[in-house]
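Here's the structure, in structure tokens; my notes come after.
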Amino acid sequence: MKLALLAGLAGLLAAFAISVGGQPSANAATSYELPPAAGNGVTPQWYWQIDGGSLPSMTSGAASTANIWDTDDFTDAGSMGSNNEPNATSTVVSQLHAAGKYSICYIEAGAQQDEPDASHFAAADYGNDAKQYQMDGYAGEYWFDTRGFAAYKYGDSNSVLTGAAANIAAGMAQRIAGCKAEGQDAIEPDDLDGYTNPGNTGVAGGGWGLTQQDAQGYEQWLAYTAHGDGLAVFQKNDGANTSVDEPYFDGMIIEECNHYNDPCTGASGDDANLYVSAHKPVLNAEYTED
């Protein structure tokens, strides 16, 4: 879900990196830039701003200390192609790189909402705007039917996408390619845990009966597609799938693990332990309004 503004070092939320090291997974492609790693004089910090508002200074002030910046793909776009996706280097991303920042491209991945490339997705992919599939509390946002990703395995050429998954994949591949065209370093695919949320009428699994296995397959597809485009990828929330995702993802982004008394790392079974053990960045946001 996309809030009007999420600013990691401004007043809306506090965002910070938990321990990072930075080694590529043995199973992942290595033709992309890994996020900043802790050690050798590097301390990862991040700034997160999604949709709307001017970015703060990259070279002075509080936000300038962040070496990882996470911003919205369509807001960053310098120009758009005929397929309604960014098709050229982004001025924002170029400025970030010139300032020595690592640039993450936020994309909506698990739900349909009003985006410039909405025409890539068929109404049936998200339930024809039926309230049953609406994200609770977010009018105009509908969970994708990702059931056809359940059998997908990272990099398996024999994996077959069924049902709506094939069309969702085609549209999402163009969205990810747009991040690459902008010159981004990584993607943050949001809202992948529809299986843990009821739709707006109370039907489980985003109204579709989505399962954890559906999410696992989709997440592996996203990781493989991003890596194929030369982009790193962050697991967004969905701690239950960490053991499956970590070998294929390059870091993790989580929201309010402390507020919800779901510690990020430290105790046995905590969501981010595997990423920390693998020396990959874990970026957490705690909302000051809570």
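Numbering starts fresh at 1 for the residues of each chain in the structure tokens, the chains themselves are lettered A, B, ... in the order given, and ligands are numbered from 1 as they appear.
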Can you list every residue of range 92-192 of chain A that has an atom at most 8 Å from range 79-86 of chain A, with its nearest atom pair and the distance in Å to one decimal, using only C-alpha atoms, ordered by chain then number, as a Markdown table?
```
| residue | atom | partner | partner_atom | distance |
| --- | --- | --- | --- | --- |
| A:Pro116 | CA | A:Asn84 | CA | 5.9 |
| A:Asp117 | CA | A:Asn84 | CA | 5.1 |
| A:Gln174 | CA | A:Glu85 | CA | 7.1 |
| A:Arg175 | CA | A:Glu85 | CA | 6.4 |
| A:Gly178 | CA | A:Pro86 | CA | 4.7 |
| A:Cys179 | CA | A:Pro86 | CA | 7.1 |
| A:Ala181 | CA | A:Pro86 | CA | 6.5 |
| A:Glu182 | CA | A:Pro86 | CA | 6.5 |
```
At a cut-off of 10 Å, can you tabulate as CSV every residue of range 162-209 of chain A near range 251-267 of chain A together with its closest atom pair and the distance in Å to one decimal, using only C-alpha atoms and ordering rows by chain then number?
```
residue,atom,partner,partner_atom,distance
A:Ala186,CA,A:Gly251,CA,9.9
A:Glu188,CA,A:Ile253,CA,7.9
A:Pro189,CA,A:Ile253,CA,9.8
A:Asp190,CA,A:Ile253,CA,9.5
```
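Computed from the coordinates, the CA of Asp114 in chain A to CA of Asp245 in chain A distance equals 28.0 Å.
For the residues A:Thr59, A:Asn284, A:Ser157, A:Ser54, ranking by smallest atom-to-atom distance to Lys236 in chain A using only C-alpha atoms places A:Asn284 first.
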10 Å contact set for range 208-225 of chain A, only C-alpha atoms, chain neighbours under 6 positions out, as a ChimeraX atom specification = /A:28-29,109-110,126-127,132-133,143-156,159,161,165,169,172-173,176-177,187,189,192-199,231-236,238,240-242,244-250
Which residue of A:Gln184, A:Asn200, A:Ser90, A:Asn158 approaches Glu141 in chain A most closely, using only C-alpha atoms =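 Among the listed residues, A:Asn200 lies closest to Glu141 in chain A.
CA of Ala204 in chain A to CA of Gln113 in chain A spans 19.8 Å [interatomic distance, one decimal].
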request  = Would you mind listing what lies within 9 Å of Thr65 in chain A as a list in words, with only C-alpha atoms counted and same-chain residues fewer than 3 positions away left out?
outcome  =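 Contacts, in chain order: Gln45, Trp46, Tyr47, Met58, Thr59, Ser60, Gly61 and Ala62 of chain A.
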message = Just list as a VMD selection string whatever in range 22-132 of chain A DSSP marks as strand (DSSP E).
response = chain A and resid 46 to 49 68 to 72 102 to 108 111 to 112
task = Find the residue from A:Gly78, A:Gly205, A:Gly269, A:Pro56 that sits nearest to Gly183 in chain A; use only C-alpha atoms when measuring.
result =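 That would be A:Gly78, the residue with the smallest distance to Gly183 in chain A.
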inquiry  = Give me, as an MDAnalysis selection string, the residues of range 113-156 of chain A that a backbone DSSP run labels helix (DSSP H, G or I).
reply    = chainID A and resid 118:120 123:126 131:133 147:149
